[in-house]
Structures are given as C-alpha cells and as structure tokens.
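Chemist: My structure is below; once you've seen it, I'll send some questions.
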There are 4 protein chains.
Amino acid sequence: MEIRKPLCGVITAMITPLSDRDTLDHAGLERLIEHLIAGGVHGLFILGTTGEAPALSYRLRAELIERTCKQVADRLPVIVGITDTAFVEAAKLASKAGKFGAQAVVTSAPYYFPASQVELLDYLQHLAAEVPLPLLLYNAPTNTRHTFQPSTVLRAADIPNVIGLKDSGGNMTYFHSVVELLKERPDFTLLVGPEELMAEAVMLGAHGGMCGGSNFCPQLYVRLYDAAVARDLDQIRILHSRVMRISATIYRVRQPTESSYLKGLKCAVSLLGICEDFMAEPFCAFGSAEREKVRKHMVAQGLLPGLD
Amino acid sequence: MEIRKPLCGVITAMITPLSDRDTLDHAGLERLIEHLIAGGVHGLFILGTTGEAPALSYRLRAELIERTCKQVADRLPVIVGITDTAFVEAAKLASKAGKFGAQAVVTSAPYYFPASQVELLDYLQHLAAEVPLPLLLYNAPTNTRHTFQPSTVLRAADIPNVIGLKDSGGNMTYFHSVVELLKERPDFTLLVGPEELMAEAVMLGAHGGMCGGSNFCPQLYVRLYDAAVARDLDQIRILHSRVMRISATIYRVRQPTESSYLKGLKCAVSLLGICEDFMAEPFCAFGSAEREKVRKHMVAQGLLPGLD
Amino acid sequence: MEIRKPLCGVITAMITPLSDRDTLDHAGLERLIEHLIAGGVHGLFILGTTGEAPALSYRLRAELIERTCKQVADRLPVIVGITDTAFVEAAKLASKAGKFGAQAVVTSAPYYFPASQVELLDYLQHLAAEVPLPLLLYNAPTNTRHTFQPSTVLRAADIPNVIGLKDSGGNMTYFHSVVELLKERPDFTLLVGPEELMAEAVMLGAHGGMCGGSNFCPQLYVRLYDAAVARDLDQIRILHSRVMRISATIYRVRQPTESSYLKGLKCAVSLLGICEDFMAEPFCAFGSAEREKVRKHMVAQGLLPGLD
Amino acid sequence: MEIRKPLCGVITAMITPLSDRDTLDHAGLERLIEHLIAGGVHGLFILGTTGEAPALSYRLRAELIERTCKQVADRLPVIVGITDTAFVEAAKLASKAGKFGAQAVVTSAPYYFPASQVELLDYLQHLAAEVPLPLLLYNAPTNTRHTFQPSTVLRAADIPNVIGLKDSGGNMTYFHSVVELLKERPDFTLLVGPEELMAEAVMLGAHGGMCGGSNFCPQLYVRLYDAAVARDLDQIRILHSRVMRISATIYRVRQPTESSYLKGLKCAVSLLGICEDFMAEPFCAFGSAEREKVRKHMVAQGLLPGLD
C-alpha cells in the first residue's frame, strides 16, 4: 500500500500497550488496533511521544512495528516514529519499518545535543537517503528542544522522500508560517500535533491531526475532523469544546502536564478494558486514587458508563 | 462613554509616535489616531508592549494618555496599559487614565520578580480595588515570564471591575482552556494578542484581537475580523494569508524576532508618512538598509505604492 | 567621599524596611544601617533585587536614597540601584543618587524587552553619559533575562565612569571569563552576587561580594571575606559551610526559591528586632508558620537565642 | 580492580575517536589512551556527553567499552556512561561494561520525557538493582533538562551501589549544597563537570573533576588538581587562568557554545596527531577555516609548536 499525498485525516498517535517494562501486551495491542480501525481513524502513528518510544527497548520497538503492521494488514497506513539521538539506530528502525510493511516513518531532530539549522538539514538529508520509506518531519520542541525553522522545512521538502511535517510545538503562528511557505506544494502533508488545535489547523490549511485522545474515543476526533473539513462551525464548536474538556480533566489529573497527559490517556484506554496501563520508566501508571478520578471524568463526559 | 461588555473587534495595540527619547511626536500621534479611526478599528490599546510602554517615562505615558483621549474624543474606547513592576506606579497610571477619560486599563503580572498564582491573584485584587476603571488582564508570558493560569483567570473574573483578558502568549491550547472555563460568562471579554491567531480565535470563541499590524493597515485586520464573525472561510483564508505574509516579511527584517516585530512595524507606519519611527532605548529605529527592505516588502504586498 | 577603585569587601545588598506598601520603616532603616556598620561591612547597595526596588514607587526610592545617605554620613560607600525599563527613569534615579550624596550607581540591562549586545552597550553608553556618578554593571540574567556578555563588559569598561561589574548570574564560568578578560584592568571592580559563591570568587580574582545574608549576620560574611583574602582555607571551609546552611534552610522555607530567599531574609532580620518584614507586592511577608520555621533555623544555627 | 571510594583526581571525559559514523578509529583510540595515561590522569570516563555517546550506535558503544578496557588493562579505572532514554538499553550497556571489566558506570536522568524527583529516584533504584557495577549519578541539566535535586542525591546515596555524583550543571551553589548535605558520607564521590570550576570545587570539597580539556593537555588539569589539593593558590591562579584561556578560545571558535566546545576539543586532539576529528551526526568536524583558528590558538598558548 502506498501512502496518499497528502495524508489526510485523524492519525492516532498510538499508545504502546505494555504488560511489563519490556513486554508488549499482545492481546491489548490487537484490541486497540481493532478499536481504532472501527472508530474510523485514518492512520496509525506508532512509536511517537505518546507511544513512549524513547523509553522502550529497540527489541520491543521492532516487535511493535511487526505486530502492528501484521494486525493492520494494510487497512490503514502505519507510520513509525524513528526519532533517535543516534543516526545509525534511527536508520535501523526505518529499515525495520520498511521490512515489516509500514507506509512511512517520522523523525524529529536528534535530541540531547544542540544543533544548528544547517546541521539539522544535513541530518535530514543523510537520514532520508538511508530510509527506504517516505519520511515525515516531526517538529517537537518541547521534548527535543529543537525546532525545524520554517525555512528548514521548506528546504527539507525538496528531499525526494520527505513528504510532510507533523508539528507538535503548539505554536500556531509557526504552523501558519509553514502552511504559507508550502502553499505551492499541495502534496506536502501538514499535520498538527496537539489535538486541541486540530480544528483550527484544518480550517486554515492542515491536512489533519495526530490525536492522542483518539486512542480512547476515536469517533470524537474523526467527527471533529469531518466538521472542520465541512466548515461546519456550529458542529466544530460543540466537538472542540468536548476535546477541550478532556484536555482540562483527563489529561490534568496530576501535574506536571505532559506526564499527566500520557498517564491520563493510558489510564483512560485501560478503563475501557482495551489494554493495561503499564508504563515504562521514567513513568509509572496512575495509582487507584488518580485512576478513580479519571474514571469519574470519563463517566461525567459520557465516555464510560456509570457504575449504578 | 462606557465600555461594551464584551468588547468586540479589532483593538489596535498602538505604537507610540516619538520624536525623541522623551518627546511625543504630536502631529504623528494625531495622524495615527485619525488613520486608525478611518481604518475602522474598534478600539485603541495604548501603552502596551507594542507601544513600548515600559521604555517610556511616566511623564510621557501620562501625556500620551491625555492627548490620545482628547484626540479620540469618545469616538472609540481607549484602553490603557498600566503594567508595572511597582504596584503604586500601576495604580497612579490607572488613576490618570480615569482622569483623562480612558474607558479601561490593562495589566499583566508585575514582572521582574517571580510570583505564585496566589500572589498574582492577590495582586489583581489589590490593584482592581484601587483602579477607577474596568480592568483587563494581559497574559504576556514572553515579556513578563508570568502566566495567569486559567484557574487564576476564572477567579479574577469574579473581581467586580475585572472585565476581560487579552492573551498574548501565542499558545492556543491555553486560550481555548480559558474560553472553555469562562463559557458561563458571555460578558467577559476575551481578546487574543498575536494577530496571526485572531481568525481562529474569533471562530472558536474570542471577541476580537489586539493587532499591532492594524497600525499601518487597519482595514486588513478589520476585514479579517469581519470575515471570522461571518464565518466566511474562503475570505478568512485569503486575508489570513496576507497577515501571515506581513508577519514573515515586515516583522522579520532582522532578528531577534520580537525586536524585529516592533522595529518593522514602526518603520512601516513611518513609511506611510504617518509618524516618525524613533524608538526609545533599548531599541533604535531601523537604519536605511533595513528600512529599504521593509519598503520593498510593503510595495510587493501592495501596502505602499512603488517608486516608479 | 570618593569610591575606592576597585571597591573591595562585603557590600550588603540591603533589604528595604517597609511598614506599608509605600511607607518606609524609618526607625527600622536607622537600626538596620547601624547594625550593618557595626557588623563591619564595607559598603551598602540599596535598591537592588534584595531591596525589592522594582516593586517600590519612585517616591519611596528617592526617600530611601536620601535617608540612607544621611544616616550613613560617609561612613561607608552607598551604592544605588537604578535599573529600570525606562531610560529616563533610570537617569532620574541616578541624578537623585548624586544629589543625595551616594558614591555610585548600579544598573542591569533594561529588562522587559529583548535586546542585543550592541543595543545593551549603546544603552550603557547613553546612560553613563547622563549619570553624575561612577556606574557599576549588574549582570542579573535570572530577573532581567539579559546577560552582559564578557565582551560587552570589556567594551563597557572603556566608558569613563563605568567602574565595575556585579555578577549575580551564579555561573562561575561566566565570572571567571570576565576576570580573565579584565586582567589588565586591576582598578575595575568585580563583585559576585550569590553569597554562596563569594569565597571562591575572591580566591580566584573577585574584589568582594554583595551578600544578602549580611543584612542579618554581617560578621559571618565579613569573616568569610577576610578568610578568602587571607587564603585561610580551613577557616573558609568552616564559614562557607555556615553560609551554605543558611542558604539551605532560612532561604528555603517555602518554594519557589527566589521568593523564599527574599522572604526568609526579611523575616530573619525582623526576628532580630531590627525592622518589620512587610513586603511590597507581588510578595507578602511569611505567615506565622513560616516565621516559626525561620526562627527555629536561626536558633539551631546560633543566629538567635533560644526561647528557654 | 576495585574503584577507590571516593574516586579522586582528574577523570578524562574522553572523546570517541571515529573514522566514520559507525567506525571507531582504532589506532587513534590506542594513542589517545596512552596519551592520557602518560599525562597522569586518574581515570577515564567514556561514553559521556564529550564522548558523543547519545549519537553513537549501541554496537559501537559496546566496542568502545571493550577496546578501552582491554587497552587500559586496569592501569586506571574506566567509567562508562550508560545514560539512555530507555531503561532496558541503559541496563544492557551496564551489563556490557561489567563484562568487559569497567570499574563503574554513570547515568544521568532518562531524558526526553519530563519526570518528577520521585520518578527519578525510582528510576535510580530500579536501575542500580540491575547494574553489576558501582553507579555514579550524572547531573546534566543542560542536555537532559533534569536536575537531581540535592535531596534526591542524598536519598540515592543510600542505594548500596550508588557511589557518587558528577555534576555538570555549572551551578556551584547547587554543588555546594550537595557537598553540605553529604558531609557525613566521606566515601561518596563528588566530581565537578565543567573544567572551569574544578579548582574551586576541589578547594571546597569536591574529590576531583571530569575534564574534557585533559584529552589534549592532561598535564595542565592534573597540575591544577594537584595545586588545588595542595591549596597552592598562586599556582592555582596561574593554571586556572590557562584553563580559562582554553575555554575562551579553543572552545569558542564557532557558536553555539556547547557544540563549539565539542568540535574545538576534538579538533585540538586531532591537531596533536592523536586521532581523527570525525564527528557523528548531528555534528560534523570543523572545516579548514575553523581548524586553522584552533591551531593558532594552540600555538599561541604553547599547546602546539609553531610552523616556522
């Protein structure tokens, strides 16, 4: 299966179902994938930040790619995060993604070290040449402390197999700048990361969003995307408000924010009975007090039946 | 004249026309105000970041308030920035704003020192009690390193004369959170700061925007606001693209970004013959090379006639 | 009295005794100054960060300068912080400092706005020309987000009345770089800000330190300075350890750190009966629970007699 | 060979000699190790930040451990960086370090994700339990955005095989706090990272330093360490000034700073003919213009003979 250019819709930034630090929850993974396909999402992004990729062993990452591709069986595009601090390891993951049948790979900047825009562009050129699949850039300044400047994205778009950008920075001025610069390249995929910004991004030029929340309620994000494409602002406001409520409750059960997002999200999926919420270090799953809070938020928002 | 609740539309974050470090450009100020009123903006915000307020003497700030109010003569609401590190000085400015006939004042957090959310709320309560006018909060983390957390905004909204929030943080997830929290308060004004985000903010719940760019082309921002209110997405995309082009060119003639925004903006107004572009320390106006670049960008974008 | 070049020893970054937001505690101020002179410090620095200067009205700042100079009566050099976001206000304060008989003024970068090193140097040149006194630079990146790069300090050292630098950044690599660059200028004063770093700074080239803790126990810091000058490492280690203990206890009664430093320090002085611990917004003095903790720390460290 | 407790002296944070992205420069590695041993350093720290560890493949990291241990042959302790975002990979590296005969391993916080102090302590406890060697903590906030708070270090010091801390944060107040807290644990190794701070750290309680500069001039750092132990302040000042001159010249040939440190350092070693200066992505070695600048600095400082 070849990937559509541009890639449109809701791509689930998939959590990684774990039953232990280095053990996939196989049954959970199968249920999760079927839940997402049934929910109507347009693609899967595995091994991203939401998938805890940097915290997983390479062995497990490879296993996840293989099992996901096999289970999906070309019903959806599977996109694989290969971001790494080491070039060689990123290239190896990309090669595995190609071998197991994924449709594309995604890389952010090699974090840990600082790097100039020239060095980042060199990195992308070297990596793209080693990667047997289409490559998307992943702008993730919060975690990597690197930003692909709009002009760097524009130059990277000339690399043959670089097909798009996912922006998780949360800075819509940045995103609009990239949209403006890439106007002449309607085939270049532009996806937005924080699900809280998908509606406006799609109205103003994005092709879709990578939504973590679609792990537990895929329909909500799919309907929001559809409403944004249809320019149905009344509907957008209703659905966007639901997205913001999830963001303000389920993702904020405990501070700090980013970790509470990952923990709340994984907890919510597990409360639906889809998979366990084991988390790799440095995180650990919510304890029973936080779990109960997530449950109550889900019930209050109609995302889970009450206990009565 | 009493201020409308909520305050809607394009509020110009007005530059301060200077002919020297401590001298207002009187003729320039008059021309600028008439230009803005003729351009259809819905209010003036003086002594904000775009107005270089922190760099101006208190004497000049008072003079600016007096002259602006006199010139505007209630044709538009005049909103006055009183942000200060010293409570007493902020209260004094507010008192002058009241005396000279302004309609509201705006304060961000007292910068320089760190402060907790509790301290920020205390500050707002103490200050609001001393201020003879309606008060808007100004979330400006870039310059003040303080964020009014959404829950702090919600609490501050209960202070009798606190009537709204201007958010300049550029983080739309934050802005949407505040919109969501204040749903039951349709009278509470919500304005967005970066002009690059006004369209989406208005479509999703903001009442308007404070736009620096409206100093030189007020109609563009007014038309964009109107299109957002009318939900005319085709028109929004065309106008928003023009706003982004200004942002990517006139505001980026020299790095760093924030300083190049202020310099580019003031230069653009002066190229229209409205006022001088003298800037108070720590800034100085663009030299002839940068000025020529700004001019070329303006000509290319139809904002200034060519030289032919 | 003319200021020594270089200025050596322990300069107390003096707290501002307040009995209300805009009211000096006159008796407290007198007691504090006598306490410091009796304690052997080598100079007073008023209206710095520790003096809460940015939070005070200009009227009160002028009053403090006048009263301090009068009370000190040339027994010690009085150095006045004039840091401001507005050039004109900084120059006015400097002029008052000159009029009331202070020996020098201190300025950090004009905060709020970003500024390049060229703009900072221009600022210093313009300001120095308006200032009737010797001027020290104040590197305070935590509060101002600006750093005077070592090369900027070197250039500023050529401005006739610029006589030194106080570095509060806490980055000793930066400090050593400045020491190295200014080797040929033995008259140029180099003071270090955090009292925790005075010992090593003096051993490696600094002329002294501006110590907040010397407000309540001046002798400790004076003895540490003397030991550093005498290169008595056994003594240095003992005294430095006491300084670190104060830092880890009295200054950390409540987070966040910087605010807890100011609150703990002012509380400690008030526990000695020297002055009240009223604080200007955005801060407020410690409540009784925190006050009791500070008291216990002081008793445990022999800084206050026990209650028995 | 068992590691001394505490571990004292100059530990070279060793660069990794590469002839290609995934190829060790074997001859260069041998020459480098012999150069360091001949230079009198007290230990080797491989696979740290200076060793570009995060940018290297796991295969190459294992090879480097094996070859280094073999070449060193217990003449010096070999300490191995195992910092990783993935627990399982860190544990694997530690196991290899044990197998090949290293004396200890070093870990910073698992970067990429944010983590609380509780999570960091849990991480250390879990990891220490899997590690067959003594473990040092590595406080490296610049690269990892995590700080091991002093209280976390104190708790971690109770884990049986945790034997020390290397602090690369450059904040001496932090370092002194840790020294103070661990006073009762004279066996707990405290090393300081930036070589610019080794002298003062050793005078005030550190056991030594991890110095990148000792890759090319080991004697300078060894002599500085010896002078610090001997409390010979005249000698310290002379040698420290040489260290600062290297820091201000060879490490600053091109900005940004951190990358220019690594490039300048590797270039300097290669100018001595010890090994190539190939660098793994995201970096690349200095071009001929920068190389010439480094050469000139070295000649001017007597670190390389002139060309005449």
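By convention in this document, the chains of the structure tokens carry letters A, B, ... by their order, each chain's residues are numbered from 1, and ligands are numbered from 1 in the order they are shown.
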Pick out the chain D residues within 10 Å of chain A. Count only C-alpha atoms. Give them as an MDAnalysis selection string.

Modeler: chainID D and resid 21:22 49 52:60 84:90 92 109:116 118:124 126:127 142:145 255:259 280:284

Chemist: Which is closer to Asp226 of chain B than all the others in B:Val243, B:Ile274, B:Val41, B:Leu24, using only C-alpha atoms?

Modeler: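 Closest to Asp226 of chain B of all the choices is B:Val41.
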
Chemist: In Å, rounded to a single decimal, give me how far atom CA of Arg4 of chain B is from atom CA of Gly209 of chain B.

Modeler: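 Value for the atom CA of Gly209 of chain B-atom CA of Arg4 of chain B distance: 15.0 Å.
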
Chemist: Rank B:Cys69, B:Leu18, B:Ile246, B:Ile82 by their smallest atom-to-atom distance to Glu180 of chain A, using only C-alpha atoms, and report the top residue only.

Modeler: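 Smallest separation from Glu180 of chain A among the options: B:Ile246.
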
Chemist: Residues near Leu197 of chain B, anyone? I mean within 8 Å using only C-alpha atoms, not counting same-chain ones fewer than 6 positions away, as a list of chain:residue names.

Modeler: A:Met172, A:Thr173, B:Gly170

Chemist: Restricting the output to N, CA, C and O atoms, write the selected residues as a short mmCIF file (atom, residue, chain, number, x, y, z; two decimals), in the first residue's frame.

Modeler:
```
data_model
loop_
_atom_site.label_atom_id
_atom_site.label_comp_id
_atom_site.auth_asym_id
_atom_site.auth_seq_id
_atom_site.Cartn_x
_atom_site.Cartn_y
_atom_site.Cartn_z
N MET A 172 0.75 28.07 16.92
CA MET A 172 0.04 28.15 15.66
C MET A 172 0.64 29.19 14.71
O MET A 172 0.48 29.09 13.50
N THR A 173 1.32 30.19 15.24
CA THR A 173 1.98 31.14 14.35
C THR A 173 3.05 30.41 13.53
O THR A 173 3.18 30.62 12.32
N GLY B 170 0.34 33.32 22.74
CA GLY B 170 0.53 32.60 21.49
C GLY B 170 0.28 31.11 21.60
O GLY B 170 0.52 30.36 20.66
#
```

Chemist: Between atom CA of Ile250 of chain B and atom CA of Gly9 of chain B, measure the distance and give it in Å to one decimal.

Modeler: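 About the pair atom CA of Ile250 of chain B and atom CA of Gly9 of chain B: they are 23.5 Å apart.
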
Chemist: Write out as a PDB file with N, CA and C atoms, in the first residue's frame each polymer residue whose atoms come within 6 Å of Leu136 of chain A, counting only C-alpha atoms; drop sequence neighbours fewer than 2 positions from it.

Modeler:
```
ATOM      1  N   VAL A 106       8.689   8.683  10.659  1.00  0.00           N
ATOM      2  CA  VAL A 106       8.644  10.056  11.164  1.00  0.00           C
ATOM      3  C   VAL A 106       9.887  10.293  12.007  1.00  0.00           C
ATOM      4  N   VAL A 162      10.963  13.087   1.459  1.00  0.00           N
ATOM      5  CA  VAL A 162      10.358  13.814   2.582  1.00  0.00           C
ATOM      6  C   VAL A 162       8.985  14.291   2.146  1.00  0.00           C
ATOM      7  N   ILE A 163       7.958  13.791   2.806  1.00  0.00           N
ATOM      8  CA  ILE A 163       6.605  14.029   2.296  1.00  0.00           C
ATOM      9  C   ILE A 163       5.736  14.894   3.193  1.00  0.00           C
ATOM     10  N   GLY A 164       6.258  15.309   4.352  1.00  0.00           N
ATOM     11  CA  GLY A 164       5.371  16.121   5.178  1.00  0.00           C
ATOM     12  C   GLY A 164       5.970  16.472   6.511  1.00  0.00           C
ATOM     13  N   LEU A 165       5.158  17.141   7.303  1.00  0.00           N
ATOM     14  CA  LEU A 165       5.562  17.614   8.630  1.00  0.00           C
ATOM     15  C   LEU A 165       4.436  17.396   9.605  1.00  0.00           C
TER      16      LEU A 165
END
```

Chemist: Go ahead and compute the interatomic distance for atom CA of Gly48 of chain C and atom CA of Asp167 of chain C, in Å to one decimal.

Modeler: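 Between atom CA of Gly48 of chain C and atom CA of Asp167 of chain C the gap is 12.4 Å.
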
Chemist: Can you tell me which residues surround segment 203-208 of chain D at a distance of at most 6 Å, considering only C-alpha atoms, apart from same-chain residues fewer than 2 positions away, and format the answer as a PyMOL selection string?

Modeler: chain D and resi 8-10+190-191+200-201+228

Chemist: Can you check which residues of segment 135-174 of chain A DSSP gives as alpha helix (DSSP H) on the backbone and send them as an MDAnalysis selection string?

Modeler: chainID A and resid 141:144 150:156 172:174

Chemist: I need the chosen residues saved as a CSV table (one decimal), in the first residue's frame, with all heavy atoms.

Modeler:
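Written file, result_36.csv:
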```csv
chain,number,residue,atom,x,y,z
A,141,PRO,N,9.5,20.6,19.7
A,141,PRO,CA,10.5,21.4,20.5
A,141,PRO,C,10.4,21.1,22.0
A,141,PRO,O,11.4,21.2,22.7
A,141,PRO,CB,10.1,22.8,20.2
A,141,PRO,CG,8.7,22.8,19.6
A,141,PRO,CD,8.6,21.5,18.9
A,142,THR,N,9.2,20.8,22.5
A,142,THR,CA,9.1,20.6,23.9
A,142,THR,C,10.0,19.4,24.4
A,142,THR,O,10.7,19.6,25.4
A,142,THR,CB,7.6,20.2,24.3
A,142,THR,OG1,6.8,21.2,23.8
A,142,THR,CG2,7.4,20.1,25.8
A,143,ASN,N,10.0,18.3,23.7
A,143,ASN,CA,10.8,17.2,24.1
A,143,ASN,C,12.2,17.2,23.5
A,143,ASN,O,13.1,16.7,24.2
A,143,ASN,CB,10.1,15.9,23.7
A,143,ASN,CG,8.9,15.6,24.5
A,143,ASN,OD1,7.8,16.0,24.1
A,143,ASN,ND2,9.1,15.1,25.7
A,144,THR,N,12.4,17.8,22.4
A,144,THR,CA,13.7,17.7,21.7
A,144,THR,C,14.5,19.0,21.9
A,144,THR,O,15.7,19.1,21.6
A,144,THR,CB,13.6,17.4,20.2
A,144,THR,OG1,13.0,18.5,19.6
A,144,THR,CG2,12.8,16.2,20.0
A,150,PRO,N,10.8,27.2,9.8
A,150,PRO,CA,10.0,27.1,8.6
A,150,PRO,C,10.9,27.0,7.3
A,150,PRO,O,10.7,26.2,6.4
A,150,PRO,CB,9.2,28.4,8.6
A,150,PRO,CG,8.9,28.7,10.0
A,150,PRO,CD,10.2,28.2,10.7
A,151,SER,N,12.0,27.8,7.3
A,151,SER,CA,12.8,27.8,6.1
A,151,SER,C,13.6,26.4,6.0
A,151,SER,O,13.8,26.0,4.9
A,151,SER,CB,13.9,28.9,6.2
A,151,SER,OG,14.6,28.8,7.4
A,152,THR,N,13.8,25.8,7.1
A,152,THR,CA,14.4,24.4,7.1
A,152,THR,C,13.4,23.4,6.5
A,152,THR,O,13.7,22.5,5.8
A,152,THR,CB,14.9,24.0,8.5
A,152,THR,OG1,15.8,25.0,8.9
A,152,THR,CG2,15.5,22.6,8.5
A,153,VAL,N,12.2,23.5,7.0
A,153,VAL,CA,11.1,22.7,6.4
A,153,VAL,C,11.0,22.8,4.9
A,153,VAL,O,10.9,21.8,4.2
A,153,VAL,CB,9.7,23.0,7.1
A,153,VAL,CG1,8.6,22.1,6.5
A,153,VAL,CG2,9.8,22.7,8.6
A,154,LEU,N,11.0,24.1,4.5
A,154,LEU,CA,10.9,24.3,3.1
A,154,LEU,C,12.0,23.6,2.3
A,154,LEU,O,11.8,23.0,1.2
A,154,LEU,CB,10.9,25.8,2.8
A,154,LEU,CG,10.7,26.3,1.4
A,154,LEU,CD1,9.3,26.0,0.9
A,154,LEU,CD2,10.9,27.8,1.2
A,155,ARG,N,13.2,23.8,2.8
A,155,ARG,CA,14.4,23.1,2.1
A,155,ARG,C,14.3,21.6,2.2
A,155,ARG,O,14.5,20.9,1.2
A,155,ARG,CB,15.7,23.6,2.8
A,155,ARG,CG,16.1,24.9,2.3
A,155,ARG,CD,17.5,25.3,2.7
A,155,ARG,NE,17.5,26.8,2.6
A,155,ARG,CZ,17.5,27.6,3.6
A,155,ARG,NH1,17.4,27.1,4.9
A,155,ARG,NH2,17.5,28.9,3.5
A,156,ALA,N,13.8,21.1,3.4
A,156,ALA,CA,13.7,19.6,3.5
A,156,ALA,C,12.6,19.1,2.6
A,156,ALA,O,12.7,17.9,2.2
A,156,ALA,CB,13.4,19.3,5.0
A,172,MET,N,0.7,28.1,16.9
A,172,MET,CA,0.0,28.2,15.7
A,172,MET,C,0.6,29.2,14.7
A,172,MET,O,0.5,29.1,13.5
A,172,MET,CB,-1.5,28.4,15.9
A,172,MET,CG,-2.2,27.2,16.4
A,172,MET,SD,-2.1,25.7,15.4
A,172,MET,CE,-3.1,26.2,14.0
A,173,THR,N,1.3,30.2,15.2
A,173,THR,CA,2.0,31.1,14.3
A,173,THR,C,3.1,30.4,13.5
A,173,THR,O,3.2,30.6,12.3
A,173,THR,CB,2.6,32.3,15.1
A,173,THR,OG1,1.5,33.0,15.8
A,173,THR,CG2,3.3,33.3,14.2
A,174,TYR,N,3.8,29.5,14.2
A,174,TYR,CA,4.8,28.7,13.5
A,174,TYR,C,4.1,27.9,12.4
A,174,TYR,O,4.5,27.8,11.3
A,174,TYR,CB,5.5,27.8,14.5
A,174,TYR,CG,6.3,26.7,13.9
A,174,TYR,CD1,7.6,26.9,13.5
A,174,TYR,CD2,5.7,25.5,13.6
A,174,TYR,CE1,8.4,25.9,12.9
A,174,TYR,CE2,6.5,24.4,13.0
A,174,TYR,CZ,7.8,24.7,12.7
A,174,TYR,OH,8.5,23.7,12.1
```

Chemist: Skip Tyr221 of chain B itself and residues of its chain fewer than 6 positions away, then list as a list of chain:residue names all residues within 10 Å of it, counting only C-alpha atoms.

Modeler: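 Residues near the query, excluding close chain neighbours: B:Gly9, B:Val10, B:Ile11, B:Thr12, B:Gly39, B:Gly40, B:Val41, B:Glu195, B:Met198, B:Ala199, B:Gly209, B:Met210, B:Cys211, B:Gly212, B:Gly213, B:Ser214, B:Asn215, B:Ala227, B:Leu239, B:His240, B:Arg242, B:Val243.
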
Chemist: Mind dumping the selected residues with N, CA and C atoms as an mmCIF file, in the first residue's frame?

Modeler:
```
data_model
loop_
_atom_site.group_PDB
_atom_site.id
_atom_site.type_symbol
_atom_site.label_atom_id
_atom_site.label_comp_id
_atom_site.auth_asym_id
_atom_site.auth_seq_id
_atom_site.Cartn_x
_atom_site.Cartn_y
_atom_site.Cartn_z
ATOM 1 N N GLY B 9 -14.066 43.080 18.492
ATOM 2 C CA GLY B 9 -13.461 43.634 17.287
ATOM 3 C C GLY B 9 -11.957 43.748 17.321
ATOM 4 N N VAL B 10 -11.460 44.608 16.450
ATOM 5 C CA VAL B 10 -10.021 44.815 16.324
ATOM 6 C C VAL B 10 -9.615 46.008 17.178
ATOM 7 N N ILE B 11 -8.807 45.729 18.171
ATOM 8 C CA ILE B 11 -8.276 46.785 19.016
ATOM 9 C C ILE B 11 -6.831 46.999 18.576
ATOM 10 N N THR B 12 -6.498 48.192 18.186
ATOM 11 C CA THR B 12 -5.113 48.422 17.756
ATOM 12 C C THR B 12 -4.195 48.569 18.969
ATOM 13 N N GLY B 39 -9.679 53.805 9.512
ATOM 14 C CA GLY B 39 -9.490 52.417 9.093
ATOM 15 C C GLY B 39 -10.498 51.465 9.708
ATOM 16 N N GLY B 40 -11.307 51.979 10.613
ATOM 17 C CA GLY B 40 -12.409 51.168 11.117
ATOM 18 C C GLY B 40 -12.128 50.310 12.328
ATOM 19 N N VAL B 41 -11.010 50.538 12.989
ATOM 20 C CA VAL B 41 -10.750 49.678 14.146
ATOM 21 C C VAL B 41 -11.749 49.989 15.262
ATOM 22 N N GLU B 195 -1.633 38.794 16.194
ATOM 23 C CA GLU B 195 -2.605 38.975 15.111
ATOM 24 C C GLU B 195 -2.678 37.750 14.216
ATOM 25 N N MET B 198 -5.743 35.702 15.323
ATOM 26 C CA MET B 198 -7.055 36.288 15.551
ATOM 27 C C MET B 198 -8.171 35.515 14.854
ATOM 28 N N ALA B 199 -7.942 35.105 13.622
ATOM 29 C CA ALA B 199 -9.016 34.469 12.864
ATOM 30 C C ALA B 199 -9.538 33.228 13.580
ATOM 31 N N GLY B 209 -9.350 40.801 18.591
ATOM 32 C CA GLY B 209 -7.908 40.694 18.705
ATOM 33 C C GLY B 209 -7.264 42.052 18.875
ATOM 34 N N MET B 210 -6.106 42.040 19.525
ATOM 35 C CA MET B 210 -5.307 43.256 19.600
ATOM 36 C C MET B 210 -4.202 43.090 18.569
ATOM 37 N N CYS B 211 -4.276 43.849 17.519
ATOM 38 C CA CYS B 211 -3.418 43.634 16.371
ATOM 39 C C CYS B 211 -2.453 44.801 16.206
ATOM 40 N N GLY B 212 -1.170 44.501 16.253
ATOM 41 C CA GLY B 212 -0.171 45.531 16.019
ATOM 42 C C GLY B 212 -0.180 45.996 14.573
ATOM 43 N N GLY B 213 -0.363 45.041 13.675
ATOM 44 C CA GLY B 213 -0.333 45.358 12.256
ATOM 45 C C GLY B 213 -1.398 46.357 11.849
ATOM 46 N N SER B 214 -2.453 46.461 12.646
ATOM 47 C CA SER B 214 -3.516 47.411 12.289
ATOM 48 C C SER B 214 -3.039 48.848 12.432
ATOM 49 N N ASN B 215 -1.856 49.079 12.986
ATOM 50 C CA ASN B 215 -1.299 50.429 12.975
ATOM 51 C C ASN B 215 -1.060 50.933 11.554
ATOM 52 N N ALA B 227 -14.721 38.822 8.560
ATOM 53 C CA ALA B 227 -14.861 37.520 7.901
ATOM 54 C C ALA B 227 -14.966 36.401 8.927
ATOM 55 N N LEU B 239 -7.351 36.500 3.589
ATOM 56 C CA LEU B 239 -6.870 37.610 4.422
ATOM 57 C C LEU B 239 -5.827 37.119 5.430
ATOM 58 N N HIS B 240 -6.079 35.950 5.987
ATOM 59 C CA HIS B 240 -5.133 35.384 6.949
ATOM 60 C C HIS B 240 -3.772 35.160 6.281
ATOM 61 N N ARG B 242 -2.554 36.967 3.959
ATOM 62 C CA ARG B 242 -1.894 38.276 3.871
ATOM 63 C C ARG B 242 -1.284 38.667 5.219
ATOM 64 N N VAL B 243 -2.010 38.366 6.274
ATOM 65 C CA VAL B 243 -1.480 38.646 7.616
ATOM 66 C C VAL B 243 -0.194 37.850 7.858
#
```

Chemist: Write out as a CSV table (one decimal) with C-alpha atoms, in the first residue's frame the residues lying within 9 Å of Glu34 of chain A, counting only C-alpha atoms and excluding same-chain residues fewer than 5 positions away.

Modeler:
```
chain,number,residue,atom,x,y,z
A,29,LEU,CA,-2.4,-4.3,21.1
A,39,GLY,CA,-13.5,4.1,15.2
A,71,GLN,CA,-2.6,-6.8,12.5
A,72,VAL,CA,-3.4,-3.7,10.4
```

Chemist: Ranking D:Gln219, D:Ile15, D:Lys96, D:Asp74 by minimum distance to Ala268 of chain D and counting only C-alpha atoms, which one comes first?

Modeler: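 Counting only C-alpha atoms, the residue closest to Ala268 of chain D is D:Ile15.
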
Chemist: Using DSSP assignments from the backbone, pull out every residue in segment 84-136 of chain A that falls under strand (DSSP E or B) and give it to me as a ChimeraX atom specification.

Modeler: /A:104-107,135-136

Chemist: Would you put the residues from that selection into a file with C-alpha atoms, as a CSV table (one decimal), in the first residue's frame?

Modeler:
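New file selection-v4.csv:
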```csv
chain,number,residue,atom,x,y,z
A,104,ALA,CA,6.1,5.9,6.3
A,105,VAL,CA,8.5,6.9,9.1
A,106,VAL,CA,8.6,10.1,11.2
A,107,THR,CA,11.7,11.7,12.7
A,135,LEU,CA,9.7,10.4,5.7
A,136,LEU,CA,7.7,12.9,7.7
```
